[in-house]
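Undergrad: Contents of work24.pdb (PDB, C-alpha atoms, pLDDT in the B column) are below:
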```
ATOM      1  CA  VAL F   1      84.502  99.914 131.986  1.00 91.00           C
ATOM      2  CA  GLN F   2      87.005  97.999 129.867  1.00 95.00           C
ATOM      3  CA  LEU F   3      87.498  98.656 126.164  1.00 97.00           C
ATOM      4  CA  GLN F   4      88.909  96.306 123.551  1.00 96.00           C
ATOM      5  CA  ALA F   5      89.815  97.692 120.135  1.00 96.00           C
ATOM      6  CA  SER F   6      90.452  95.596 117.057  1.00 96.00           C
ATOM      7  CA  GLY F   7      90.603  95.780 113.282  1.00 97.00           C
ATOM      8  CA  GLY F   8      93.842  97.603 112.624  1.00 95.00           C
ATOM      9  CA  GLY F   9      96.378  96.449 110.091  1.00 97.00           C
ATOM     10  CA  SER F  10      98.141  97.396 106.899  1.00 98.00           C
ATOM     11  CA  VAL F  11      96.347  98.726 103.860  1.00 97.00           C
ATOM     12  CA  GLN F  12      97.246 100.504 100.658  1.00 98.00           C
ATOM     13  CA  ALA F  13      96.323 104.108 100.083  1.00 98.00           C
ATOM     14  CA  GLY F  14      92.755 104.413  98.879  1.00 98.00           C
ATOM     15  CA  GLY F  15      91.720 101.241 100.652  1.00 98.00           C
ATOM     16  CA  SER F  16      89.428 100.632 103.608  1.00 98.00           C
ATOM     17  CA  LEU F  17      89.583  99.329 107.148  1.00 98.00           C
ATOM     18  CA  ARG F  18      86.972  98.952 109.864  1.00 98.00           C
ATOM     19  CA  LEU F  19      87.926  99.336 113.482  1.00 98.00           C
ATOM     20  CA  SER F  20      85.786  97.882 116.236  1.00 98.00           C
ATOM     21  CA  CYS F  21      85.536  98.656 119.934  1.00 97.00           C
ATOM     22  CA  THR F  22      83.810  96.463 122.456  1.00 96.00           C
ATOM     23  CA  ALA F  23      83.067  97.674 125.953  1.00 96.00           C
ATOM     24  CA  SER F  24      82.503  95.517 128.988  1.00 93.00           C
ATOM     25  CA  GLY F  25      81.636  96.314 132.562  1.00 90.00           C
ATOM     26  CA  SER F  26      79.291  99.178 133.405  1.00 81.00           C
ATOM     27  CA  ILE F  27      78.351  99.984 129.815  1.00 80.00           C
ATOM     28  CA  ASN F  28      75.091 101.689 130.775  1.00 82.00           C
ATOM     29  CA  VAL F  29      77.036 104.642 132.152  1.00 86.00           C
ATOM     30  CA  ILE F  30      78.783 105.442 128.853  1.00 91.00           C
ATOM     31  CA  ALA F  31      77.634 108.822 127.545  1.00 94.00           C
ATOM     32  CA  LEU F  32      80.103 109.363 124.708  1.00 96.00           C
ATOM     33  CA  LYS F  33      81.908 106.846 122.499  1.00 96.00           C
ATOM     34  CA  ALA F  34      84.847 108.026 120.460  1.00 98.00           C
ATOM     35  CA  TRP F  35      87.921 107.214 118.441  1.00 98.00           C
ATOM     36  CA  PHE F  36      91.229 108.990 118.889  1.00 98.00           C
ATOM     37  CA  ARG F  37      94.501 108.520 117.097  1.00 98.00           C
ATOM     38  CA  GLN F  38      98.141 109.269 117.727  1.00 98.00           C
ATOM     39  CA  CYS F  39     100.227 109.696 114.617  1.00 97.00           C
ATOM     40  CA  PRO F  40     104.048 109.671 114.623  1.00 96.00           C
ATOM     41  CA  GLY F  41     105.426 112.855 116.154  1.00 96.00           C
ATOM     42  CA  ASN F  42     101.980 114.186 117.064  1.00 96.00           C
ATOM     43  CA  GLN F  43      99.792 114.337 120.129  1.00 97.00           C
ATOM     44  CA  ARG F  44      96.738 112.165 120.487  1.00 98.00           C
ATOM     45  CA  GLU F  45      93.777 113.722 118.691  1.00 98.00           C
ATOM     46  CA  ILE F  46      90.089 112.988 118.447  1.00 98.00           C
ATOM     47  CA  VAL F  47      88.887 111.475 115.185  1.00 98.00           C
ATOM     48  CA  ALA F  48      85.178 110.999 115.751  1.00 98.00           C
ATOM     49  CA  SER F  49      82.586 110.708 118.482  1.00 98.00           C
ATOM     50  CA  ILE F  50      79.034 109.573 118.931  1.00 97.00           C
ATOM     51  CA  ALA F  51      76.913 110.585 121.880  1.00 95.00           C
ATOM     52  CA  SER F  52      74.176 108.610 123.575  1.00 91.00           C
ATOM     53  CA  ASP F  53      71.572 110.759 121.777  1.00 93.00           C
ATOM     54  CA  GLY F  54      73.153 109.827 118.435  1.00 92.00           C
ATOM     55  CA  ALA F  55      74.913 113.134 117.788  1.00 97.00           C
ATOM     56  CA  ILE F  56      78.029 112.507 115.673  1.00 98.00           C
ATOM     57  CA  THR F  57      81.132 114.568 115.067  1.00 98.00           C
ATOM     58  CA  HIS F  58      84.148 113.923 112.849  1.00 98.00           C
ATOM     59  CA  SER F  59      87.392 115.823 112.715  1.00 97.00           C
ATOM     60  CA  ASP F  60      88.013 117.901 109.618  1.00 97.00           C
ATOM     61  CA  SER F  61      90.932 115.678 108.643  1.00 96.00           C
ATOM     62  CA  VAL F  62      88.718 112.613 108.223  1.00 97.00           C
ATOM     63  CA  LYS F  63      85.351 114.128 107.360  1.00 97.00           C
ATOM     64  CA  GLY F  64      83.901 112.482 104.276  1.00 97.00           C
ATOM     65  CA  ARG F  65      86.280 109.514 104.521  1.00 98.00           C
ATOM     66  CA  PHE F  66      85.746 108.004 107.979  1.00 98.00           C
ATOM     67  CA  ALA F  67      82.471 107.272 109.728  1.00 98.00           C
ATOM     68  CA  ILE F  68      81.764 106.379 113.329  1.00 98.00           C
ATOM     69  CA  SER F  69      78.765 104.213 114.084  1.00 97.00           C
ATOM     70  CA  ARG F  70      77.224 102.200 116.876  1.00 94.00           C
ATOM     71  CA  GLY F  71      76.706  98.486 116.716  1.00 90.00           C
ATOM     72  CA  ALA F  72      73.412  96.646 117.006  1.00 86.00           C
ATOM     73  CA  VAL F  73      74.324  95.930 120.614  1.00 82.00           C
ATOM     74  CA  LYS F  74      75.002  98.923 122.822  1.00 77.00           C
ATOM     75  CA  ASN F  75      78.484  97.954 123.883  1.00 90.00           C
ATOM     76  CA  THR F  76      80.099  98.156 120.425  1.00 95.00           C
ATOM     77  CA  TRP F  77      81.070 100.944 118.077  1.00 97.00           C
ATOM     78  CA  PHE F  78      83.014 101.160 114.875  1.00 98.00           C
ATOM     79  CA  LEU F  79      85.159 103.417 112.769  1.00 98.00           C
ATOM     80  CA  GLN F  80      84.755 102.783 109.048  1.00 98.00           C
ATOM     81  CA  MET F  81      87.838 104.136 107.301  1.00 98.00           C
ATOM     82  CA  ASP F  82      87.523 104.603 103.543  1.00 98.00           C
ATOM     83  CA  GLY F  83      89.904 106.304 101.167  1.00 98.00           C
ATOM     84  CA  VAL F  84      92.764 106.013 103.649  1.00 98.00           C
ATOM     85  CA  GLU F  85      95.905 108.057 103.087  1.00 98.00           C
ATOM     86  CA  PRO F  86      99.485 107.552 104.283  1.00 97.00           C
ATOM     87  CA  GLU F  87      98.866 110.400 106.758  1.00 97.00           C
ATOM     88  CA  ASP F  88      96.312 108.162 108.464  1.00 98.00           C
ATOM     89  CA  THR F  89      99.127 105.899 109.653  1.00 98.00           C
ATOM     90  CA  CYS F  90      98.619 106.123 113.397  1.00 98.00           C
ATOM     91  CA  VAL F  91      97.708 104.150 116.461  1.00 98.00           C
ATOM     92  CA  TYR F  92      93.944 104.324 116.925  1.00 98.00           C
ATOM     93  CA  TYR F  93      92.325 104.223 120.357  1.00 98.00           C
ATOM     94  CA  CYS F  94      88.725 103.806 121.287  1.00 97.00           C
ATOM     95  CA  ASN F  95      87.541 105.968 124.114  1.00 97.00           C
ATOM     96  CA  ALA F  96      84.516 106.146 126.362  1.00 97.00           C
ATOM     97  CA  ARG F  97      83.334 108.916 128.644  1.00 96.00           C
ATOM     98  CA  THR F  98      80.795 108.083 131.324  1.00 94.00           C
ATOM     99  CA  ILE F  99      77.937 110.155 132.661  1.00 93.00           C
ATOM    100  CA  GLY F 100      80.153 110.757 135.686  1.00 92.00           C
ATOM    101  CA  ASN F 101      82.836 112.157 133.357  1.00 94.00           C
ATOM    102  CA  SER F 102      85.273 109.273 133.838  1.00 95.00           C
ATOM    103  CA  VAL F 103      87.331 108.445 130.760  1.00 96.00           C
ATOM    104  CA  TYR F 104      88.415 105.006 129.612  1.00 96.00           C
ATOM    105  CA  TRP F 105      90.767 103.940 126.824  1.00 97.00           C
ATOM    106  CA  GLY F 106      91.221 100.844 124.746  1.00 96.00           C
ATOM    107  CA  GLN F 107      94.678  99.451 124.169  1.00 94.00           C
ATOM    108  CA  GLY F 108      95.286 100.981 120.744  1.00 94.00           C
ATOM    109  CA  THR F 109      95.381  99.344 117.341  1.00 97.00           C
ATOM    110  CA  GLN F 110      97.970 100.191 114.676  1.00 98.00           C
ATOM    111  CA  VAL F 111      96.863 101.294 111.221  1.00 98.00           C
ATOM    112  CA  THR F 112      99.558 101.508 108.571  1.00 98.00           C
ATOM    113  CA  VAL F 113      98.797 102.948 105.132  1.00 98.00           C
ATOM    114  CA  SER F 114     101.290 102.441 102.332  1.00 97.00           C
ATOM    115  CA  SER F 115     101.462 104.611  99.257  1.00 93.00           C
TER     116      SER F 115
END
```
Translate the structure described by the file into structure tokens.
TA:
Amino acid sequence: VQLQASGGGSVQAGGSLRLSCTASGSINVIALKAWFRQCPGNQREIVASIASDGAITHSDSVKGRFAISRGAVKNTWFLQMDGVEPEDTCVYYCNARTIGNSVYWGQGTQVTVSS
């Protein structure tokens, strides 16, 4: 499984961005699709996830502002980021976990929020 993330960039506080992740390879084995982020000085943390049954979770820090969703085709998923804050300035990674519990990462996309 290979993951390609896109959609990062610079935005002012209060604005919006939409991140996209496209998977290729053995996409039928993906059980969980997620977004993580690594902010300056911090460890990588999970932002949101969506399981194959549609169950969705969001971290408390983004709940009500960000939303993970699946695309119309099964190999894509998104992170809609609304009401961004300077604290959301991080590198965002898409992540996939297979039914065999293997984990794959995209290359990371930088999001920079200015106040």
Undergrad: Pick the closest to Tyr104 in chain F from F:Gln43, F:Ser16, F:Ser26, F:Ser10: which is it, counting only C-alpha atoms?
TA: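 So, comparing all the options, the nearest one is F:Ser26.
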Undergrad: Let me know the residues the PyMOL selection byres ((chain F and resi 28) around 12) catches in the file above, as a PyMOL selection string.
TA: chain F and resi 1+23-27+29-33+52+73-75+96-100
Undergrad: Please save C-alpha atoms of the selected residues as an mmCIF file, keeping the file's coordinate frame.
TA:
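This went into again31.cif:
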```cif
data_model
loop_
_atom_site.group_PDB
_atom_site.id
_atom_site.type_symbol
_atom_site.label_atom_id
_atom_site.label_comp_id
_atom_site.auth_asym_id
_atom_site.auth_seq_id
_atom_site.Cartn_x
_atom_site.Cartn_y
_atom_site.Cartn_z
ATOM 1 C CA VAL F 1 84.502 99.914 131.986
ATOM 2 C CA ALA F 23 83.067 97.674 125.953
ATOM 3 C CA SER F 24 82.503 95.517 128.988
ATOM 4 C CA GLY F 25 81.636 96.314 132.562
ATOM 5 C CA SER F 26 79.291 99.178 133.405
ATOM 6 C CA ILE F 27 78.351 99.984 129.815
ATOM 7 C CA VAL F 29 77.036 104.642 132.152
ATOM 8 C CA ILE F 30 78.783 105.442 128.853
ATOM 9 C CA ALA F 31 77.634 108.822 127.545
ATOM 10 C CA LEU F 32 80.103 109.363 124.708
ATOM 11 C CA LYS F 33 81.908 106.846 122.499
ATOM 12 C CA SER F 52 74.176 108.610 123.575
ATOM 13 C CA VAL F 73 74.324 95.930 120.614
ATOM 14 C CA LYS F 74 75.002 98.923 122.822
ATOM 15 C CA ASN F 75 78.484 97.954 123.883
ATOM 16 C CA ALA F 96 84.516 106.146 126.362
ATOM 17 C CA ARG F 97 83.334 108.916 128.644
ATOM 18 C CA THR F 98 80.795 108.083 131.324
ATOM 19 C CA ILE F 99 77.937 110.155 132.661
ATOM 20 C CA GLY F 100 80.153 110.757 135.686
#
```
Undergrad: So how far away is CA of Ala72 in chain F from CA of Asp60 in chain F, in Å?
TA: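 Computing it gives 26.8 Å between the two atoms.
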Undergrad: Return the single residue from F:Ala34, F:Leu19, F:Val11, F:Cys39 that is closest to Thr57 in chain F, with distances computed using all atoms listed in the file.
TA: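 That would be F:Ala34, the residue with the smallest distance to Thr57 in chain F.
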Undergrad: As JSON, please report the centre and edge lengths, rounded to one decimal in Å, of the axis-aligned box that holds all listed atoms of range 1-15 of chain F with 8 Å of padding on each of the six sides.
TA:
```
{"center_x": 91.3, "center_y": 100.0, "center_z": 115.4, "size_x": 29.6, "size_y": 24.8, "size_z": 49.1}
```
Undergrad: Could you check the closest approach to Ser115 in chain F for each of F:Glu85, F:Arg65, F:Thr76, F:Val103 and tell me which residue wins, using only C-alpha atoms?
TA: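 Closest candidate: F:Glu85.
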Undergrad: For Gly64 in chain F, please output as a PDB file with C-alpha atoms, keeping the file's coordinate frame all residues within 10 Å (counting only C-alpha atoms; exclusion window: fewer than 4 positions along the same chain).
TA:
```pdb
ATOM      1  CA  HIS F  58      84.148 113.923 112.849  1.00 98.00           C
ATOM      2  CA  SER F  59      87.392 115.823 112.715  1.00 97.00           C
ATOM      3  CA  ASP F  60      88.013 117.901 109.618  1.00 97.00           C
ATOM      4  CA  MET F  81      87.838 104.136 107.301  1.00 98.00           C
ATOM      5  CA  ASP F  82      87.523 104.603 103.543  1.00 98.00           C
ATOM      6  CA  GLY F  83      89.904 106.304 101.167  1.00 98.00           C
TER       7      GLY F  83
END
```
Undergrad: Just checking: using all atoms listed in the file, which residue out of F:Gly9, F:Gly41, F:Pro86, F:Gly71 ends up closest to Cys21 in chain F?
TA: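 Closest to Cys21 in chain F of all the choices is F:Gly71.
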Undergrad: Counting all atoms listed in the file, which of F:Phe78, F:Gly8, F:Trp35, F:Gln110 gets nearest to Asn95 in chain F?
TA: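 Nearest candidate to Asn95 in chain F out of F:Phe78, F:Gly8, F:Trp35, F:Gln110: F:Trp35.
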Undergrad: Name the residues captured by the PyMOL selection byres ((chain F and resi 40) around 12) when it is applied to the shown file; answer as a list of chain:residue names.
TA: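 Answer for the PyMOL selection byres ((chain F and resi 40) around 12): F:Arg37, F:Gln38, F:Cys39, F:Gly41, F:Asn42, F:Gln43, F:Arg44, F:Glu45, F:Pro86, F:Glu87, F:Asp88, F:Thr89, F:Cys90, F:Val91, F:Tyr92, F:Gln110, F:Val111, F:Thr112.
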Undergrad: Between CA of Gln4 in chain F and CA of Gly108 in chain F, what is the distance in Å, rounded to a tenth?
TA: 8.4 Å
Undergrad: CA of Gln80 in chain F and CA of Ala67 in chain F, how far apart in Å?
TA: 5.1 Å
